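Trainee: Structure in structure tokens, see below.
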Amino acid sequence: MKPVVKAVVGLCMLCLSVGTVVFAQDAEKKRLTDSYNVMKEILDMPDKGIPGGLLKGSECVIVLPSVKKAGFIVGGEYGRGMMTCRTGANHDGPWSAPIMMASGGGSLGLQIGGQATDFVLLVMNDKGLRSMIGGSKMKLGADASVAAGPLGRSTEAATNLRMSAEILSWSRAQGVFGGVSLVGATLRADGDANKNLYGKSVTPKEIMEGQVTAPEEANQLLTLLNETAGKTRTPVPEAGPK
């Protein structure tokens with residue numbers, strides 16, 4: 001191959017590689033924007049949204065926007081989204097840069113059927129958090145307990161109970177929002193997506209520790225959570241006697 005031809009081929013390959021990286025990064029940034037839109041619309045629900053007390057007492061928020069059933073994909077991955085966790089040694093500080101997540105399997109597929117569905121999950125305690133950032137695929141109901149989240153901003157009594165589940169979950173499809181059990185579904189950190197977003201391989205723990213800067217597309221969601229869930233965590237009180 002002549003030197004000029006080699007140079008042209010090399011330049012084309014470089015352009016293709018750069019274009020692929022930019023496309024992948026844009027896809028992850030769109031995920032962040034979609035996650036913000038989902039969370040904003042749910043938090044704007046006047047009386048049947050996520051109870052404020054639970055949101056303020058959570059350690060992590062996971063948003064999986066527009067999840068679609070895709071059983072033909074090897075491994076049964078149905079959706080991708082993001083997670084942000086409270087920073088600080090006691091997980092009670094402002095919200096971290098986003099950790100990209102992948103979901104699939106089990107009852108997640110049963111819940112979504114043939115339509116796009118949004119999912120929101122709250123990680124309520126340290127055990128749930130450790131399971132979530134451990135680096136391997138986590139099966140809900142086995143590696144961490146999960147339960148359908150309660151509804152209603154006006155029913156704050158429900159938020160004053162210490163929920164036994166480590167993770168609470170909700171879904172929204174065709175405008176209908178409600179608590180949903182995701183026992184059997186799986187969640188894991190999406191390593192490739194995190195690399196695309198931050199330009200290097202980075203672990204969930206490193207993201208939470210502030211070793212990367214949140215992209216601009218995450219600012220709206222982080223601001224929304226800091227305003228509605230607080231920059232510091234308010235633990236959910238222990239349940240009193242019945």
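Each chain in the structure tokens gets a letter, A, B, ..., in the order shown, and its residues are numbered from 1; ligands are numbered from 1 in order too.
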Counting only C-alpha atoms, what is within 12 Å of Asn194 of chain A, bar same-chain residues fewer than 3 positions away, as a ChimeraX atom specification?
Mentor: /A:24-25,27-29,31-32,80-83,97-102,188-191,197-204,206-207,212,214-215
Trainee: Distance atom CA of Leu140 of chain A-atom CA of Leu182 of chain A, one decimal place?
Mentor: 6.7 Å
Trainee: Need the shell around Gly152 of chain A: protein/DNA/RNA residues with any atom at most 7 Å away, counting only C-alpha atoms. Skip same-chain ones fewer than 6 positions apart. Format as a list in words?
Mentor: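 These residues fall inside the cut-off: Asp47, Lys48, Gly49, Ile50 and Pro51 of chain A.
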Trainee: Write the residues you've just listed into a file as an mmCIF file, in the first residue's frame, and include N, CA and C atoms for each of them.
Mentor:
data_model
loop_
_atom_site.group_PDB
_atom_site.id
_atom_site.type_symbol
_atom_site.label_atom_id
_atom_site.label_comp_id
_atom_site.auth_asym_id
_atom_site.auth_seq_id
_atom_site.Cartn_x
_atom_site.Cartn_y
_atom_site.Cartn_z
ATOM 1 N N ASP A 47 -50.302 15.112 44.056
ATOM 2 C CA ASP A 47 -50.689 14.384 45.275
ATOM 3 C C ASP A 47 -50.426 12.886 45.228
ATOM 4 N N LYS A 48 -49.896 12.378 44.127
ATOM 5 C CA LYS A 48 -49.664 10.931 44.034
ATOM 6 C C LYS A 48 -48.251 10.623 43.556
ATOM 7 N N GLY A 49 -47.319 11.429 43.990
ATOM 8 C CA GLY A 49 -45.931 11.201 43.623
ATOM 9 C C GLY A 49 -45.199 10.420 44.693
ATOM 10 N N ILE A 50 -43.880 10.523 44.665
ATOM 11 C CA ILE A 50 -43.053 9.872 45.674
ATOM 12 C C ILE A 50 -43.110 10.688 46.964
ATOM 13 N N PRO A 51 -43.431 10.086 48.096
ATOM 14 C CA PRO A 51 -43.476 10.842 49.356
ATOM 15 C C PRO A 51 -42.163 11.566 49.632
#
Trainee: Could you work out how far atom CA of Arg86 of chain A lies from atom CA of Ala148 of chain A, giving the answer in Å with one decimal?
Mentor: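 Atom-to-atom, atom CA of Ala148 of chain A and atom CA of Arg86 of chain A are spaced 22.0 Å apart.
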Trainee: Which value, in Å to one decimal, gives the distance between atom CA of Val146 of chain A and atom CA of Gly104 of chain A?
Mentor: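 Pair atom CA of Val146 of chain A / atom CA of Gly104 of chain A returns 14.9 Å.
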Trainee: According to DSSP computed on the backbone, where in segment 28-210 of chain A is there alpha helix (DSSP H)? Give the residues as a VMD selection string.
Mentor: chain A and resid 28 to 43 52 to 57 106 to 112 126 to 132 191 to 198 204 to 208
Trainee: Could you write out the selected residues, including N, CA and C atoms, as a short mmCIF file (atom, residue, chain, number, x, y, z; two decimals), in the first residue's frame?
Mentor:
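Final output, out-v5.cif:
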data_model
loop_
_atom_site.label_atom_id
_atom_site.label_comp_id
_atom_site.auth_asym_id
_atom_site.auth_seq_id
_atom_site.Cartn_x
_atom_site.Cartn_y
_atom_site.Cartn_z
N GLU A 28 -25.03 8.96 26.10
CA GLU A 28 -25.07 8.95 27.57
C GLU A 28 -25.60 10.29 28.10
N LYS A 29 -25.21 11.37 27.47
CA LYS A 29 -25.70 12.68 27.91
C LYS A 29 -27.21 12.79 27.71
N LYS A 30 -27.71 12.20 26.64
CA LYS A 30 -29.17 12.20 26.43
C LYS A 30 -29.88 11.42 27.52
N ARG A 31 -29.23 10.34 27.97
CA ARG A 31 -29.79 9.57 29.09
C ARG A 31 -29.94 10.43 30.33
N LEU A 32 -28.98 11.30 30.56
CA LEU A 32 -29.05 12.18 31.73
C LEU A 32 -30.19 13.17 31.59
N THR A 33 -30.34 13.74 30.39
CA THR A 33 -31.43 14.68 30.15
C THR A 33 -32.78 13.99 30.29
N ASP A 34 -32.90 12.79 29.74
CA ASP A 34 -34.15 12.03 29.85
C ASP A 34 -34.46 11.71 31.31
N SER A 35 -33.43 11.38 32.08
CA SER A 35 -33.63 11.05 33.50
C SER A 35 -34.13 12.27 34.26
N TYR A 36 -33.58 13.43 33.95
CA TYR A 36 -34.06 14.67 34.57
C TYR A 36 -35.54 14.90 34.25
N ASN A 37 -35.90 14.74 32.98
CA ASN A 37 -37.29 14.99 32.57
C ASN A 37 -38.24 14.05 33.32
N VAL A 38 -37.86 12.79 33.45
CA VAL A 38 -38.71 11.82 34.16
C VAL A 38 -38.86 12.23 35.62
N MET A 39 -37.76 12.54 36.27
CA MET A 39 -37.80 12.89 37.69
C MET A 39 -38.58 14.17 37.92
N LYS A 40 -38.40 15.15 37.05
CA LYS A 40 -39.10 16.43 37.19
C LYS A 40 -40.60 16.23 37.05
N GLU A 41 -41.02 15.47 36.07
CA GLU A 41 -42.45 15.23 35.87
C GLU A 41 -43.07 14.47 37.04
N ILE A 42 -42.35 13.51 37.58
CA ILE A 42 -42.87 12.73 38.72
C ILE A 42 -42.94 13.59 39.98
N LEU A 43 -41.92 14.40 40.20
CA LEU A 43 -41.92 15.25 41.40
C LEU A 43 -42.95 16.36 41.29
N GLY A 52 -42.28 12.84 49.97
CA GLY A 52 -41.10 13.67 50.17
C GLY A 52 -40.19 13.16 51.26
N GLY A 53 -40.76 12.59 52.31
CA GLY A 53 -39.95 12.10 53.41
C GLY A 53 -39.03 10.96 52.99
N LEU A 54 -39.51 10.11 52.10
CA LEU A 54 -38.68 9.02 51.62
C LEU A 54 -37.56 9.53 50.73
N LEU A 55 -37.87 10.49 49.88
CA LEU A 55 -36.86 11.06 49.00
C LEU A 55 -35.77 11.74 49.83
N LYS A 56 -36.16 12.48 50.85
CA LYS A 56 -35.18 13.16 51.69
C LYS A 56 -34.36 12.18 52.52
N GLY A 57 -34.91 10.99 52.77
CA GLY A 57 -34.20 9.99 53.56
C GLY A 57 -33.41 9.00 52.74
N GLY A 106 -35.79 -10.77 34.97
CA GLY A 106 -36.82 -10.99 35.98
C GLY A 106 -38.10 -10.22 35.77
N SER A 107 -38.62 -9.67 36.86
CA SER A 107 -39.91 -9.01 36.82
C SER A 107 -39.87 -7.67 36.11
N LEU A 108 -38.68 -7.15 35.83
CA LEU A 108 -38.61 -5.90 35.08
C LEU A 108 -39.24 -6.09 33.71
N GLY A 109 -38.89 -7.20 33.06
CA GLY A 109 -39.46 -7.49 31.75
C GLY A 109 -40.96 -7.71 31.82
N LEU A 110 -41.42 -8.35 32.89
CA LEU A 110 -42.85 -8.59 33.03
C LEU A 110 -43.61 -7.29 33.23
N GLN A 111 -42.99 -6.35 33.92
CA GLN A 111 -43.67 -5.09 34.20
C GLN A 111 -43.82 -4.24 32.94
N ILE A 112 -42.81 -4.24 32.08
CA ILE A 112 -42.86 -3.30 30.97
C ILE A 112 -43.66 -3.80 29.79
N ASP A 126 -27.40 2.05 54.01
CA ASP A 126 -26.03 1.73 53.64
C ASP A 126 -25.91 0.34 53.02
N LYS A 127 -26.69 -0.62 53.50
CA LYS A 127 -26.60 -1.97 52.96
C LYS A 127 -27.01 -1.98 51.50
N GLY A 128 -28.11 -1.28 51.20
CA GLY A 128 -28.54 -1.18 49.81
C GLY A 128 -27.51 -0.47 48.96
N LEU A 129 -26.89 0.55 49.52
CA LEU A 129 -25.87 1.30 48.79
C LEU A 129 -24.65 0.44 48.50
N ARG A 130 -24.20 -0.32 49.49
CA ARG A 130 -23.03 -1.19 49.29
C ARG A 130 -23.32 -2.22 48.21
N SER A 131 -24.53 -2.76 48.21
CA SER A 131 -24.89 -3.73 47.18
C SER A 131 -24.87 -3.08 45.80
N MET A 132 -25.30 -1.82 45.74
CA MET A 132 -25.44 -1.15 44.46
C MET A 132 -24.10 -0.80 43.84
N GLY A 191 -20.30 -0.01 32.97
CA GLY A 191 -18.91 0.41 32.85
C GLY A 191 -18.59 1.08 31.54
N ASP A 192 -19.10 0.54 30.44
CA ASP A 192 -18.84 1.13 29.13
C ASP A 192 -19.45 2.53 29.03
N ALA A 193 -20.66 2.68 29.55
CA ALA A 193 -21.32 3.98 29.49
C ALA A 193 -20.60 5.00 30.36
N ASN A 194 -20.12 4.58 31.53
CA ASN A 194 -19.36 5.50 32.37
C ASN A 194 -18.07 5.93 31.69
N LYS A 195 -17.43 5.00 30.99
CA LYS A 195 -16.21 5.34 30.25
C LYS A 195 -16.52 6.31 29.13
N ASN A 196 -17.64 6.09 28.44
CA ASN A 196 -18.05 7.01 27.37
C ASN A 196 -18.31 8.41 27.91
N LEU A 197 -18.98 8.47 29.06
CA LEU A 197 -19.38 9.75 29.63
C LEU A 197 -18.20 10.54 30.16
N TYR A 198 -17.29 9.85 30.84
CA TYR A 198 -16.20 10.55 31.53
C TYR A 198 -14.86 10.49 30.79
N PRO A 204 -17.91 3.12 40.23
CA PRO A 204 -18.94 3.86 40.96
C PRO A 204 -18.39 4.55 42.20
N LYS A 205 -17.50 3.86 42.91
CA LYS A 205 -16.92 4.45 44.13
C LYS A 205 -16.11 5.70 43.80
N GLU A 206 -15.34 5.66 42.72
CA GLU A 206 -14.55 6.82 42.32
C GLU A 206 -15.44 7.99 41.91
N ILE A 207 -16.55 7.68 41.26
CA ILE A 207 -17.50 8.73 40.87
C ILE A 207 -18.10 9.37 42.11
N MET A 208 -18.50 8.54 43.07
CA MET A 208 -19.08 9.05 44.31
C MET A 208 -18.09 9.88 45.12
#
Trainee: Taking only C-alpha atoms into account, which of A:Ala144, A:Leu187, A:Cys60, A:Val176 comes nearest Met124 of chain A?
Mentor: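 Ranking A:Ala144, A:Leu187, A:Cys60, A:Val176 by distance to Met124 of chain A, first place goes to A:Cys60.
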Trainee: So that I can check the surroundings of Ser169 of chain A, please list as a list of chain:residue names every protein, DNA and RNA residue that reaches within 8 Å of it, counting only C-alpha atoms and ignoring chain neighbours fewer than 2 positions away.
Mentor: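 Close residues of Ser169 of chain A: A:Phe119, A:Val120, A:Leu121, A:Leu122, A:Val146, A:Ala147, A:Ala148, A:Gly149, A:Ile167, A:Ser171, A:Gly179, A:Val180, A:Ser181, A:Leu182.
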Trainee: Could the residues in this selection be saved with C-alpha atoms as an mmCIF file, in the first residue's frame?
Mentor:
data_model
loop_
_atom_site.group_PDB
_atom_site.id
_atom_site.type_symbol
_atom_site.label_atom_id
_atom_site.label_comp_id
_atom_site.auth_asym_id
_atom_site.auth_seq_id
_atom_site.Cartn_x
_atom_site.Cartn_y
_atom_site.Cartn_z
ATOM 1 C CA PHE A 119 -38.618 3.430 36.607
ATOM 2 C CA VAL A 120 -37.464 5.306 39.710
ATOM 3 C CA LEU A 121 -35.747 3.519 42.604
ATOM 4 C CA LEU A 122 -34.627 4.876 45.966
ATOM 5 C CA VAL A 146 -36.841 -4.351 47.306
ATOM 6 C CA ALA A 147 -40.479 -3.325 47.719
ATOM 7 C CA ALA A 148 -43.089 -1.319 45.868
ATOM 8 C CA GLY A 149 -42.862 2.292 46.997
ATOM 9 C CA ILE A 167 -34.675 -0.322 47.896
ATOM 10 C CA SER A 171 -42.881 2.776 37.599
ATOM 11 C CA GLY A 179 -45.250 1.502 43.284
ATOM 12 C CA VAL A 180 -43.998 -1.690 41.677
ATOM 13 C CA SER A 181 -42.156 -4.741 42.969
ATOM 14 C CA LEU A 182 -39.011 -5.511 40.980
#
Trainee: Under the rule that only C-alpha atoms are counted, which of A:Thr87, A:Ser58, A:Thr232, A:Thr117 is the nearest residue to Glu166 of chain A?
Mentor: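 Of A:Thr87, A:Ser58, A:Thr232, A:Thr117, the one nearest Glu166 of chain A, counting only C-alpha atoms, is A:Ser58.
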Trainee: Nearest residue to Ser145 of chain A out of A:Asp118, A:Gln211, A:Gly184, A:Gly178, using only C-alpha atoms?
Mentor: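 Comparing A:Asp118, A:Gln211, A:Gly184, A:Gly178 against Ser145 of chain A, the winner is A:Gly184.
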